[in-house]
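Containing PDB, N, CA and C atoms, pLDDT in the B column: target35.pdb.
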```
ATOM      1  N   MET A  18      82.395 120.913 149.842  1.00 87.00           N
ATOM      2  CA  MET A  18      82.557 122.107 149.030  1.00 87.00           C
ATOM      3  C   MET A  18      83.959 122.164 148.440  1.00 87.00           C
ATOM      4  N   VAL A  19      84.024 122.664 147.234  1.00 92.00           N
ATOM      5  CA  VAL A  19      85.282 122.870 146.536  1.00 92.00           C
ATOM      6  C   VAL A  19      85.518 124.377 146.479  1.00 92.00           C
ATOM      7  N   ILE A  20      86.785 124.780 146.539  1.00 95.00           N
ATOM      8  CA  ILE A  20      87.110 126.199 146.627  1.00 95.00           C
ATOM      9  C   ILE A  20      88.041 126.620 145.497  1.00 95.00           C
ATOM     10  N   GLN A  21      87.751 127.779 144.913  1.00 95.00           N
ATOM     11  CA  GLN A  21      88.665 128.457 143.995  1.00 95.00           C
ATOM     12  C   GLN A  21      89.002 129.794 144.646  1.00 95.00           C
ATOM     13  N   ASN A  22      90.283 130.000 144.968  1.00 95.00           N
ATOM     14  CA  ASN A  22      90.760 131.239 145.569  1.00 95.00           C
ATOM     15  C   ASN A  22      91.474 132.055 144.509  1.00 95.00           C
ATOM     16  N   VAL A  23      91.078 133.304 144.361  1.00 95.00           N
ATOM     17  CA  VAL A  23      91.668 134.181 143.352  1.00 95.00           C
ATOM     18  C   VAL A  23      92.363 135.333 144.062  1.00 95.00           C
ATOM     19  N   MET A  24      93.673 135.434 143.867  1.00 94.00           N
ATOM     20  CA  MET A  24      94.451 136.539 144.411  1.00 94.00           C
ATOM     21  C   MET A  24      94.509 137.607 143.316  1.00 94.00           C
ATOM     22  N   ASP A  25      93.877 138.755 143.575  1.00 85.00           N
ATOM     23  CA  ASP A  25      93.835 139.802 142.557  1.00 85.00           C
ATOM     24  C   ASP A  25      93.999 141.173 143.196  1.00 85.00           C
ATOM     25  N   HIS A  26      93.759 142.224 142.430  1.00 82.00           N
ATOM     26  CA  HIS A  26      93.960 143.593 142.909  1.00 82.00           C
ATOM     27  C   HIS A  26      93.051 143.949 144.081  1.00 82.00           C
ATOM     28  N   THR A  27      91.981 143.186 144.284  1.00 81.00           N
ATOM     29  CA  THR A  27      91.090 143.458 145.411  1.00 81.00           C
ATOM     30  C   THR A  27      91.547 142.713 146.664  1.00 81.00           C
ATOM     31  N   GLY A  28      92.517 141.859 146.503  1.00 86.00           N
ATOM     32  CA  GLY A  28      93.011 141.051 147.616  1.00 86.00           C
ATOM     33  C   GLY A  28      92.757 139.582 147.369  1.00 86.00           C
ATOM     34  N   HIS A  29      91.637 139.087 147.875  1.00 89.00           N
ATOM     35  CA  HIS A  29      91.363 137.660 147.819  1.00 89.00           C
ATOM     36  C   HIS A  29      89.875 137.430 147.593  1.00 89.00           C
ATOM     37  N   SER A  30      89.562 136.716 146.521  1.00 93.00           N
ATOM     38  CA  SER A  30      88.173 136.345 146.252  1.00 93.00           C
ATOM     39  C   SER A  30      88.048 134.833 146.411  1.00 93.00           C
ATOM     40  N   ARG A  31      87.030 134.403 147.101  1.00 94.00           N
ATOM     41  CA  ARG A  31      86.825 132.974 147.364  1.00 94.00           C
ATOM     42  C   ARG A  31      85.529 132.542 146.696  1.00 94.00           C
ATOM     43  N   HIS A  32      85.620 131.503 145.869  1.00 95.00           N
ATOM     44  CA  HIS A  32      84.454 130.974 145.165  1.00 95.00           C
ATOM     45  C   HIS A  32      84.275 129.516 145.585  1.00 95.00           C
ATOM     46  N   GLU A  33      83.209 129.233 146.304  1.00 95.00           N
ATOM     47  CA  GLU A  33      82.911 127.869 146.735  1.00 95.00           C
ATOM     48  C   GLU A  33      81.800 127.293 145.861  1.00 95.00           C
ATOM     49  N   PHE A  34      81.901 126.003 145.580  1.00 93.00           N
ATOM     50  CA  PHE A  34      80.846 125.354 144.798  1.00 93.00           C
ATOM     51  C   PHE A  34      80.774 123.878 145.134  1.00 93.00           C
ATOM     52  N   ASP A  35      79.646 123.296 144.839  1.00 94.00           N
ATOM     53  CA  ASP A  35      79.402 121.874 145.050  1.00 94.00           C
ATOM     54  C   ASP A  35      79.796 121.135 143.775  1.00 94.00           C
ATOM     55  N   ALA A  36      80.782 120.262 143.876  1.00 91.00           N
ATOM     56  CA  ALA A  36      81.281 119.534 142.708  1.00 91.00           C
ATOM     57  C   ALA A  36      80.247 118.564 142.132  1.00 91.00           C
ATOM     58  N   HIS A  37      79.162 118.317 142.849  1.00 94.00           N
ATOM     59  CA  HIS A  37      78.106 117.418 142.359  1.00 94.00           C
ATOM     60  C   HIS A  37      76.988 118.184 141.656  1.00 94.00           C
ATOM     61  N   ASP A  38      77.080 119.501 141.672  1.00 95.00           N
ATOM     62  CA  ASP A  38      76.095 120.366 141.006  1.00 95.00           C
ATOM     63  C   ASP A  38      76.624 120.688 139.608  1.00 95.00           C
ATOM     64  N   ILE A  39      75.967 120.176 138.589  1.00 95.00           N
ATOM     65  CA  ILE A  39      76.453 120.308 137.216  1.00 95.00           C
ATOM     66  C   ILE A  39      76.589 121.765 136.797  1.00 95.00           C
ATOM     67  N   GLU A  40      75.637 122.599 137.141  1.00 97.00           N
ATOM     68  CA  GLU A  40      75.702 124.017 136.777  1.00 97.00           C
ATOM     69  C   GLU A  40      76.846 124.721 137.491  1.00 97.00           C
ATOM     70  N   ALA A  41      77.027 124.438 138.774  1.00 96.00           N
ATOM     71  CA  ALA A  41      78.122 125.050 139.539  1.00 96.00           C
ATOM     72  C   ALA A  41      79.472 124.586 139.007  1.00 96.00           C
ATOM     73  N   LEU A  42      79.550 123.327 138.625  1.00 95.00           N
ATOM     74  CA  LEU A  42      80.783 122.780 138.070  1.00 95.00           C
ATOM     75  C   LEU A  42      81.119 123.450 136.736  1.00 95.00           C
ATOM     76  N   ALA A  43      80.125 123.662 135.899  1.00 96.00           N
ATOM     77  CA  ALA A  43      80.335 124.342 134.615  1.00 96.00           C
ATOM     78  C   ALA A  43      80.805 125.780 134.828  1.00 96.00           C
ATOM     79  N   GLU A  44      80.229 126.463 135.811  1.00 97.00           N
ATOM     80  CA  GLU A  44      80.636 127.831 136.140  1.00 97.00           C
ATOM     81  C   GLU A  44      82.075 127.867 136.647  1.00 97.00           C
ATOM     82  N   ALA A  45      82.455 126.900 137.461  1.00 97.00           N
ATOM     83  CA  ALA A  45      83.821 126.825 137.977  1.00 97.00           C
ATOM     84  C   ALA A  45      84.815 126.573 136.847  1.00 97.00           C
ATOM     85  N   GLU A  46      84.451 125.709 135.913  1.00 97.00           N
ATOM     86  CA  GLU A  46      85.337 125.451 134.771  1.00 97.00           C
ATOM     87  C   GLU A  46      85.448 126.691 133.901  1.00 97.00           C
ATOM     88  N   ARG A  47      84.346 127.414 133.701  1.00 97.00           N
ATOM     89  CA  ARG A  47      84.384 128.657 132.933  1.00 97.00           C
ATOM     90  C   ARG A  47      85.310 129.666 133.616  1.00 97.00           C
ATOM     91  N   ARG A  48      85.202 129.777 134.941  1.00 97.00           N
ATOM     92  CA  ARG A  48      86.054 130.693 135.704  1.00 97.00           C
ATOM     93  C   ARG A  48      87.521 130.297 135.545  1.00 97.00           C
ATOM     94  N   PHE A  49      87.818 128.999 135.619  1.00 98.00           N
ATOM     95  CA  PHE A  49      89.186 128.510 135.455  1.00 98.00           C
ATOM     96  C   PHE A  49      89.740 128.943 134.090  1.00 98.00           C
ATOM     97  N   ARG A  50      88.986 128.693 133.047  1.00 98.00           N
ATOM     98  CA  ARG A  50      89.450 129.036 131.693  1.00 98.00           C
ATOM     99  C   ARG A  50      89.616 130.541 131.515  1.00 98.00           C
ATOM    100  N   GLU A  51      88.677 131.296 132.050  1.00 97.00           N
ATOM    101  CA  GLU A  51      88.744 132.753 131.940  1.00 97.00           C
ATOM    102  C   GLU A  51      89.981 133.299 132.654  1.00 97.00           C
ATOM    103  N   LEU A  52      90.199 132.863 133.877  1.00 96.00           N
ATOM    104  CA  LEU A  52      91.342 133.366 134.643  1.00 96.00           C
ATOM    105  C   LEU A  52      92.671 132.967 134.021  1.00 96.00           C
ATOM    106  N   THR A  53      92.804 131.723 133.601  1.00 97.00           N
ATOM    107  CA  THR A  53      94.073 131.297 133.005  1.00 97.00           C
ATOM    108  C   THR A  53      94.311 131.967 131.656  1.00 97.00           C
ATOM    109  N   SER A  54      93.250 132.283 130.918  1.00 96.00           N
ATOM    110  CA  SER A  54      93.435 132.992 129.642  1.00 96.00           C
ATOM    111  C   SER A  54      93.819 134.454 129.880  1.00 96.00           C
ATOM    112  N   GLU A  55      93.490 134.991 131.070  1.00 93.00           N
ATOM    113  CA  GLU A  55      93.865 136.358 131.424  1.00 93.00           C
ATOM    114  C   GLU A  55      95.272 136.432 132.018  1.00 93.00           C
ATOM    115  N   GLY A  56      95.961 135.308 132.107  1.00 92.00           N
ATOM    116  CA  GLY A  56      97.329 135.310 132.612  1.00 92.00           C
ATOM    117  C   GLY A  56      97.513 134.829 134.034  1.00 92.00           C
ATOM    118  N   TYR A  57      96.448 134.367 134.671  1.00 95.00           N
ATOM    119  CA  TYR A  57      96.586 133.831 136.018  1.00 95.00           C
ATOM    120  C   TYR A  57      97.210 132.436 135.964  1.00 95.00           C
ATOM    121  N   VAL A  58      98.011 132.120 136.969  1.00 96.00           N
ATOM    122  CA  VAL A  58      98.568 130.789 137.143  1.00 96.00           C
ATOM    123  C   VAL A  58      97.631 130.042 138.082  1.00 96.00           C
ATOM    124  N   ALA A  59      97.348 128.792 137.783  1.00 97.00           N
ATOM    125  CA  ALA A  59      96.488 127.964 138.628  1.00 97.00           C
ATOM    126  C   ALA A  59      97.335 126.896 139.302  1.00 97.00           C
ATOM    127  N   ALA A  60      97.092 126.708 140.594  1.00 97.00           N
ATOM    128  CA  ALA A  60      97.809 125.682 141.349  1.00 97.00           C
ATOM    129  C   ALA A  60      96.836 124.996 142.297  1.00 97.00           C
ATOM    130  N   VAL A  61      97.058 123.696 142.509  1.00 95.00           N
ATOM    131  CA  VAL A  61      96.241 122.938 143.457  1.00 95.00           C
ATOM    132  C   VAL A  61      97.131 122.423 144.577  1.00 95.00           C
ATOM    133  N   ARG A  62      96.531 122.289 145.762  1.00 84.00           N
ATOM    134  CA  ARG A  62      97.259 121.731 146.902  1.00 84.00           C
ATOM    135  C   ARG A  62      97.426 120.237 146.694  1.00 84.00           C
ATOM    136  N   THR A  63      98.665 119.757 146.905  1.00 80.00           N
ATOM    137  CA  THR A  63      98.919 118.327 146.776  1.00 80.00           C
ATOM    138  C   THR A  63      99.106 117.692 148.151  1.00 80.00           C
ATOM    139  N   VAL A  64      99.855 118.338 148.996  1.00 77.00           N
ATOM    140  CA  VAL A  64     100.113 117.882 150.364  1.00 77.00           C
ATOM    141  C   VAL A  64     100.108 119.144 151.214  1.00 77.00           C
ATOM    142  N   GLU A  65      99.824 119.011 152.485  1.00 75.00           N
ATOM    143  CA  GLU A  65      99.791 120.189 153.363  1.00 75.00           C
ATOM    144  C   GLU A  65     101.018 121.066 153.143  1.00 75.00           C
ATOM    145  N   GLY A  66     100.764 122.315 152.720  1.00 77.00           N
ATOM    146  CA  GLY A  66     101.841 123.272 152.518  1.00 77.00           C
ATOM    147  C   GLY A  66     102.504 123.213 151.149  1.00 77.00           C
ATOM    148  N   GLU A  67     102.119 122.281 150.295  1.00 86.00           N
ATOM    149  CA  GLU A  67     102.709 122.167 148.966  1.00 86.00           C
ATOM    150  C   GLU A  67     101.623 122.339 147.914  1.00 86.00           C
ATOM    151  N   SER A  68     102.044 122.784 146.729  1.00 88.00           N
ATOM    152  CA  SER A  68     101.090 122.935 145.634  1.00 88.00           C
ATOM    153  C   SER A  68     101.761 122.569 144.323  1.00 88.00           C
ATOM    154  N   SER A  69     100.939 122.355 143.314  1.00 93.00           N
ATOM    155  CA  SER A  69     101.428 121.988 141.992  1.00 93.00           C
ATOM    156  C   SER A  69     100.662 122.780 140.950  1.00 93.00           C
ATOM    157  N   ARG A  70     101.379 123.336 139.984  1.00 95.00           N
ATOM    158  CA  ARG A  70     100.737 124.104 138.926  1.00 95.00           C
ATOM    159  C   ARG A  70      99.915 123.162 138.047  1.00 95.00           C
ATOM    160  N   VAL A  71      98.742 123.639 137.650  1.00 97.00           N
ATOM    161  CA  VAL A  71      97.874 122.857 136.761  1.00 97.00           C
ATOM    162  C   VAL A  71      97.529 123.690 135.531  1.00 97.00           C
ATOM    163  N   PHE A  72      97.289 123.012 134.431  1.00 97.00           N
ATOM    164  CA  PHE A  72      96.996 123.679 133.170  1.00 97.00           C
ATOM    165  C   PHE A  72      95.595 123.387 132.654  1.00 97.00           C
ATOM    166  N   ALA A  73      94.886 122.513 133.369  1.00 97.00           N
ATOM    167  CA  ALA A  73      93.519 122.156 132.982  1.00 97.00           C
ATOM    168  C   ALA A  73      92.654 122.085 134.238  1.00 97.00           C
ATOM    169  N   PHE A  74      91.386 122.352 134.068  1.00 96.00           N
ATOM    170  CA  PHE A  74      90.441 122.300 135.180  1.00 96.00           C
ATOM    171  C   PHE A  74      90.361 120.883 135.734  1.00 96.00           C
ATOM    172  N   ASP A  75      90.476 120.764 137.048  1.00 93.00           N
ATOM    173  CA  ASP A  75      90.386 119.473 137.721  1.00 93.00           C
ATOM    174  C   ASP A  75      89.200 119.507 138.693  1.00 93.00           C
ATOM    175  N   PRO A  76      88.084 118.891 138.337  1.00 89.00           N
ATOM    176  CA  PRO A  76      86.903 118.931 139.200  1.00 89.00           C
ATOM    177  C   PRO A  76      87.079 118.163 140.513  1.00 89.00           C
ATOM    178  N   THR A  77      88.141 117.372 140.635  1.00 88.00           N
ATOM    179  CA  THR A  77      88.377 116.624 141.869  1.00 88.00           C
ATOM    180  C   THR A  77      89.269 117.373 142.856  1.00 88.00           C
ATOM    181  N   ALA A  78      89.867 118.488 142.429  1.00 92.00           N
ATOM    182  CA  ALA A  78      90.738 119.267 143.319  1.00 92.00           C
ATOM    183  C   ALA A  78      89.885 119.953 144.384  1.00 92.00           C
ATOM    184  N   LYS A  79      90.280 119.831 145.625  1.00 92.00           N
ATOM    185  CA  LYS A  79      89.518 120.435 146.730  1.00 92.00           C
ATOM    186  C   LYS A  79      89.731 121.945 146.786  1.00 92.00           C
ATOM    187  N   GLU A  80      90.912 122.399 146.369  1.00 93.00           N
ATOM    188  CA  GLU A  80      91.206 123.840 146.404  1.00 93.00           C
ATOM    189  C   GLU A  80      92.138 124.195 145.244  1.00 93.00           C
ATOM    190  N   THR A  81      91.764 125.226 144.500  1.00 95.00           N
ATOM    191  CA  THR A  81      92.612 125.745 143.435  1.00 95.00           C
ATOM    192  C   THR A  81      92.897 127.207 143.745  1.00 95.00           C
ATOM    193  N   LEU A  82      94.162 127.587 143.623  1.00 95.00           N
ATOM    194  CA  LEU A  82      94.591 128.958 143.874  1.00 95.00           C
ATOM    195  C   LEU A  82      94.987 129.590 142.544  1.00 95.00           C
ATOM    196  N   PHE A  83      94.505 130.797 142.297  1.00 96.00           N
ATOM    197  CA  PHE A  83      94.843 131.544 141.088  1.00 96.00           C
ATOM    198  C   PHE A  83      95.622 132.788 141.493  1.00 96.00           C
ATOM    199  N   PHE A  84      96.755 133.036 140.843  1.00 94.00           N
ATOM    200  CA  PHE A  84      97.533 134.223 141.124  1.00 94.00           C
ATOM    201  C   PHE A  84      98.212 134.693 139.845  1.00 94.00           C
ATOM    202  N   ARG A  85      98.514 135.989 139.802  1.00 89.00           N
ATOM    203  CA  ARG A  85      99.171 136.570 138.627  1.00 89.00           C
ATOM    204  C   ARG A  85     100.652 136.207 138.620  1.00 89.00           C
ATOM    205  N   ARG A  86     101.182 136.032 137.423  1.00 79.00           N
ATOM    206  CA  ARG A  86     102.611 135.808 137.269  1.00 79.00           C
ATOM    207  C   ARG A  86     103.337 137.106 137.574  1.00 79.00           C
ATOM    208  N   LEU A  87     104.517 136.977 138.140  1.00 72.00           N
ATOM    209  CA  LEU A  87     105.341 138.158 138.371  1.00 72.00           C
ATOM    210  C   LEU A  87     105.927 138.613 137.046  1.00 72.00           C
ATOM    211  N   ARG A  88     106.012 139.910 136.873  1.00 69.00           N
ATOM    212  CA  ARG A  88     106.562 140.474 135.644  1.00 69.00           C
ATOM    213  C   ARG A  88     107.714 141.408 135.994  1.00 69.00           C
ATOM    214  N   GLY A  89     108.773 141.267 135.280  1.00 68.00           N
ATOM    215  CA  GLY A  89     109.911 142.161 135.471  1.00 68.00           C
ATOM    216  C   GLY A  89     109.822 143.343 134.520  1.00 68.00           C
ATOM    217  N   GLY A  90     110.643 144.326 134.750  1.00 63.00           N
ATOM    218  CA  GLY A  90     110.593 145.424 133.801  1.00 63.00           C
ATOM    219  C   GLY A  90     111.081 146.684 134.271  1.00 63.00           C
TER     220      GLY A  90
END
```
Mind turning the file's structure into structure tokens?
Amino acid sequence: MVIQNVMDHTGHSRHEFDAHDIEALAEAERRFRELTSEGYVAAVRTVEGESSRVFAFDPTAKETLFFRRLRGG
């Protein structure tokens, strides 16, 4: 299973999908594009405890985390 974790106003939403399921993969890519277009930052785990920001959907990533950018003001 592949996981997309979304940190939002509700706390934490977890979306799991099978990367071998074409429909689930398309839905995950749609979610990625929707969230990043709404201002969420996407990051994938690279090594235990480390992450790297990504700008495109990666179907091979085991876990993607989405979080809002901090805003000053």
Interatomic distance, atom C of Lys79 in chain A to CA of Val61 in chain A (Å, one decimal)
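The value is 7.4 Å.
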Go through the shown structure with the PyMOL selection byres ((chain A and resi 83-88) around 6) and write out the matching residues as a PyMOL selection string.
chain A and resi 22-24+56-60+81-82+89-90
Spatial neighbours of range 70-78 of chain A, 12 Å, only C-alpha atoms, chain gap at least 4 places, as a ChimeraX atom specification:
/A:18-21,34-39,41-54,56-64,82-84,86
Output N, CA and C atoms of each residue in that selection to a file, as a tab-separated table (two decimals), in the coordinates of the input.
```
chain	number	residue	atom	x	y	z
A	18	MET	N	82.40	120.91	149.84
A	18	MET	CA	82.56	122.11	149.03
A	18	MET	C	83.96	122.16	148.44
A	19	VAL	N	84.02	122.66	147.23
A	19	VAL	CA	85.28	122.87	146.54
A	19	VAL	C	85.52	124.38	146.48
A	20	ILE	N	86.78	124.78	146.54
A	20	ILE	CA	87.11	126.20	146.63
A	20	ILE	C	88.04	126.62	145.50
A	21	GLN	N	87.75	127.78	144.91
A	21	GLN	CA	88.66	128.46	144.00
A	21	GLN	C	89.00	129.79	144.65
A	34	PHE	N	81.90	126.00	145.58
A	34	PHE	CA	80.85	125.35	144.80
A	34	PHE	C	80.77	123.88	145.13
A	35	ASP	N	79.65	123.30	144.84
A	35	ASP	CA	79.40	121.87	145.05
A	35	ASP	C	79.80	121.14	143.78
A	36	ALA	N	80.78	120.26	143.88
A	36	ALA	CA	81.28	119.53	142.71
A	36	ALA	C	80.25	118.56	142.13
A	37	HIS	N	79.16	118.32	142.85
A	37	HIS	CA	78.11	117.42	142.36
A	37	HIS	C	76.99	118.18	141.66
A	38	ASP	N	77.08	119.50	141.67
A	38	ASP	CA	76.10	120.37	141.01
A	38	ASP	C	76.62	120.69	139.61
A	39	ILE	N	75.97	120.18	138.59
A	39	ILE	CA	76.45	120.31	137.22
A	39	ILE	C	76.59	121.76	136.80
A	41	ALA	N	77.03	124.44	138.77
A	41	ALA	CA	78.12	125.05	139.54
A	41	ALA	C	79.47	124.59	139.01
A	42	LEU	N	79.55	123.33	138.62
A	42	LEU	CA	80.78	122.78	138.07
A	42	LEU	C	81.12	123.45	136.74
A	43	ALA	N	80.12	123.66	135.90
A	43	ALA	CA	80.33	124.34	134.62
A	43	ALA	C	80.81	125.78	134.83
A	44	GLU	N	80.23	126.46	135.81
A	44	GLU	CA	80.64	127.83	136.14
A	44	GLU	C	82.08	127.87	136.65
A	45	ALA	N	82.46	126.90	137.46
A	45	ALA	CA	83.82	126.82	137.98
A	45	ALA	C	84.82	126.57	136.85
A	46	GLU	N	84.45	125.71	135.91
A	46	GLU	CA	85.34	125.45	134.77
A	46	GLU	C	85.45	126.69	133.90
A	47	ARG	N	84.35	127.41	133.70
A	47	ARG	CA	84.38	128.66	132.93
A	47	ARG	C	85.31	129.67	133.62
A	48	ARG	N	85.20	129.78	134.94
A	48	ARG	CA	86.05	130.69	135.70
A	48	ARG	C	87.52	130.30	135.54
A	49	PHE	N	87.82	129.00	135.62
A	49	PHE	CA	89.19	128.51	135.46
A	49	PHE	C	89.74	128.94	134.09
A	50	ARG	N	88.99	128.69	133.05
A	50	ARG	CA	89.45	129.04	131.69
A	50	ARG	C	89.62	130.54	131.51
A	51	GLU	N	88.68	131.30	132.05
A	51	GLU	CA	88.74	132.75	131.94
A	51	GLU	C	89.98	133.30	132.65
A	52	LEU	N	90.20	132.86	133.88
A	52	LEU	CA	91.34	133.37	134.64
A	52	LEU	C	92.67	132.97	134.02
A	53	THR	N	92.80	131.72	133.60
A	53	THR	CA	94.07	131.30	133.00
A	53	THR	C	94.31	131.97	131.66
A	54	SER	N	93.25	132.28	130.92
A	54	SER	CA	93.44	132.99	129.64
A	54	SER	C	93.82	134.45	129.88
A	56	GLY	N	95.96	135.31	132.11
A	56	GLY	CA	97.33	135.31	132.61
A	56	GLY	C	97.51	134.83	134.03
A	57	TYR	N	96.45	134.37	134.67
A	57	TYR	CA	96.59	133.83	136.02
A	57	TYR	C	97.21	132.44	135.96
A	58	VAL	N	98.01	132.12	136.97
A	58	VAL	CA	98.57	130.79	137.14
A	58	VAL	C	97.63	130.04	138.08
A	59	ALA	N	97.35	128.79	137.78
A	59	ALA	CA	96.49	127.96	138.63
A	59	ALA	C	97.34	126.90	139.30
A	60	ALA	N	97.09	126.71	140.59
A	60	ALA	CA	97.81	125.68	141.35
A	60	ALA	C	96.84	125.00	142.30
A	61	VAL	N	97.06	123.70	142.51
A	61	VAL	CA	96.24	122.94	143.46
A	61	VAL	C	97.13	122.42	144.58
A	62	ARG	N	96.53	122.29	145.76
A	62	ARG	CA	97.26	121.73	146.90
A	62	ARG	C	97.43	120.24	146.69
A	63	THR	N	98.66	119.76	146.90
A	63	THR	CA	98.92	118.33	146.78
A	63	THR	C	99.11	117.69	148.15
A	64	VAL	N	99.86	118.34	149.00
A	64	VAL	CA	100.11	117.88	150.36
A	64	VAL	C	100.11	119.14	151.21
A	82	LEU	N	94.16	127.59	143.62
A	82	LEU	CA	94.59	128.96	143.87
A	82	LEU	C	94.99	129.59	142.54
A	83	PHE	N	94.50	130.80	142.30
A	83	PHE	CA	94.84	131.54	141.09
A	83	PHE	C	95.62	132.79	141.49
A	84	PHE	N	96.76	133.04	140.84
A	84	PHE	CA	97.53	134.22	141.12
A	84	PHE	C	98.21	134.69	139.84
A	86	ARG	N	101.18	136.03	137.42
A	86	ARG	CA	102.61	135.81	137.27
A	86	ARG	C	103.34	137.11	137.57
```
Please return as a ChimeraX atom specification: the residues of chain A that backbone DSSP assigns to strand (DSSP E or B).
/A:19-25,28-34,57-64,67-71,80-85
Prev. selection, N, CA and C atoms, output as a tab-separated table (two decimals), in the coordinates of the input:
```
chain	number	residue	atom	x	y	z
A	19	VAL	N	84.02	122.66	147.23
A	19	VAL	CA	85.28	122.87	146.54
A	19	VAL	C	85.52	124.38	146.48
A	20	ILE	N	86.78	124.78	146.54
A	20	ILE	CA	87.11	126.20	146.63
A	20	ILE	C	88.04	126.62	145.50
A	21	GLN	N	87.75	127.78	144.91
A	21	GLN	CA	88.66	128.46	144.00
A	21	GLN	C	89.00	129.79	144.65
A	22	ASN	N	90.28	130.00	144.97
A	22	ASN	CA	90.76	131.24	145.57
A	22	ASN	C	91.47	132.06	144.51
A	23	VAL	N	91.08	133.30	144.36
A	23	VAL	CA	91.67	134.18	143.35
A	23	VAL	C	92.36	135.33	144.06
A	24	MET	N	93.67	135.43	143.87
A	24	MET	CA	94.45	136.54	144.41
A	24	MET	C	94.51	137.61	143.32
A	25	ASP	N	93.88	138.76	143.57
A	25	ASP	CA	93.84	139.80	142.56
A	25	ASP	C	94.00	141.17	143.20
A	28	GLY	N	92.52	141.86	146.50
A	28	GLY	CA	93.01	141.05	147.62
A	28	GLY	C	92.76	139.58	147.37
A	29	HIS	N	91.64	139.09	147.88
A	29	HIS	CA	91.36	137.66	147.82
A	29	HIS	C	89.88	137.43	147.59
A	30	SER	N	89.56	136.72	146.52
A	30	SER	CA	88.17	136.34	146.25
A	30	SER	C	88.05	134.83	146.41
A	31	ARG	N	87.03	134.40	147.10
A	31	ARG	CA	86.82	132.97	147.36
A	31	ARG	C	85.53	132.54	146.70
A	32	HIS	N	85.62	131.50	145.87
A	32	HIS	CA	84.45	130.97	145.16
A	32	HIS	C	84.28	129.52	145.58
A	33	GLU	N	83.21	129.23	146.30
A	33	GLU	CA	82.91	127.87	146.74
A	33	GLU	C	81.80	127.29	145.86
A	34	PHE	N	81.90	126.00	145.58
A	34	PHE	CA	80.85	125.35	144.80
A	34	PHE	C	80.77	123.88	145.13
A	57	TYR	N	96.45	134.37	134.67
A	57	TYR	CA	96.59	133.83	136.02
A	57	TYR	C	97.21	132.44	135.96
A	58	VAL	N	98.01	132.12	136.97
A	58	VAL	CA	98.57	130.79	137.14
A	58	VAL	C	97.63	130.04	138.08
A	59	ALA	N	97.35	128.79	137.78
A	59	ALA	CA	96.49	127.96	138.63
A	59	ALA	C	97.34	126.90	139.30
A	60	ALA	N	97.09	126.71	140.59
A	60	ALA	CA	97.81	125.68	141.35
A	60	ALA	C	96.84	125.00	142.30
A	61	VAL	N	97.06	123.70	142.51
A	61	VAL	CA	96.24	122.94	143.46
A	61	VAL	C	97.13	122.42	144.58
A	62	ARG	N	96.53	122.29	145.76
A	62	ARG	CA	97.26	121.73	146.90
A	62	ARG	C	97.43	120.24	146.69
A	63	THR	N	98.66	119.76	146.90
A	63	THR	CA	98.92	118.33	146.78
A	63	THR	C	99.11	117.69	148.15
A	64	VAL	N	99.86	118.34	149.00
A	64	VAL	CA	100.11	117.88	150.36
A	64	VAL	C	100.11	119.14	151.21
A	67	GLU	N	102.12	122.28	150.29
A	67	GLU	CA	102.71	122.17	148.97
A	67	GLU	C	101.62	122.34	147.91
A	68	SER	N	102.04	122.78	146.73
A	68	SER	CA	101.09	122.94	145.63
A	68	SER	C	101.76	122.57	144.32
A	69	SER	N	100.94	122.36	143.31
A	69	SER	CA	101.43	121.99	141.99
A	69	SER	C	100.66	122.78	140.95
A	70	ARG	N	101.38	123.34	139.98
A	70	ARG	CA	100.74	124.10	138.93
A	70	ARG	C	99.92	123.16	138.05
A	71	VAL	N	98.74	123.64	137.65
A	71	VAL	CA	97.87	122.86	136.76
A	71	VAL	C	97.53	123.69	135.53
A	80	GLU	N	90.91	122.40	146.37
A	80	GLU	CA	91.21	123.84	146.40
A	80	GLU	C	92.14	124.20	145.24
A	81	THR	N	91.76	125.23	144.50
A	81	THR	CA	92.61	125.74	143.44
A	81	THR	C	92.90	127.21	143.74
A	82	LEU	N	94.16	127.59	143.62
A	82	LEU	CA	94.59	128.96	143.87
A	82	LEU	C	94.99	129.59	142.54
A	83	PHE	N	94.50	130.80	142.30
A	83	PHE	CA	94.84	131.54	141.09
A	83	PHE	C	95.62	132.79	141.49
A	84	PHE	N	96.76	133.04	140.84
A	84	PHE	CA	97.53	134.22	141.12
A	84	PHE	C	98.21	134.69	139.84
A	85	ARG	N	98.51	135.99	139.80
A	85	ARG	CA	99.17	136.57	138.63
A	85	ARG	C	100.65	136.21	138.62
```
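Rounded to one decimal, CA of Ser30 in chain A and atom C of Glu55 in chain A lie 15.9 Å from each other.
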CA of His29 in chain A and CA of Glu80 in chain A, how far apart in Å?
13.9 Å
Using DSSP assignments from the backbone, pull out every residue in chain A that falls under alpha helix (DSSP H) and give it to me as a PyMOL selection string.
chain A and resi 39-54
Edge lengths and centre in Å, axis-aligned, range 26-43 of chain A plus 4 Å each side, as lines of an AutoDock Vina configuration file:
```
center_x = 84.8
center_y = 130.7
center_z = 141.2
size_x = 26.3
size_y = 34.5
size_z = 21.3
```
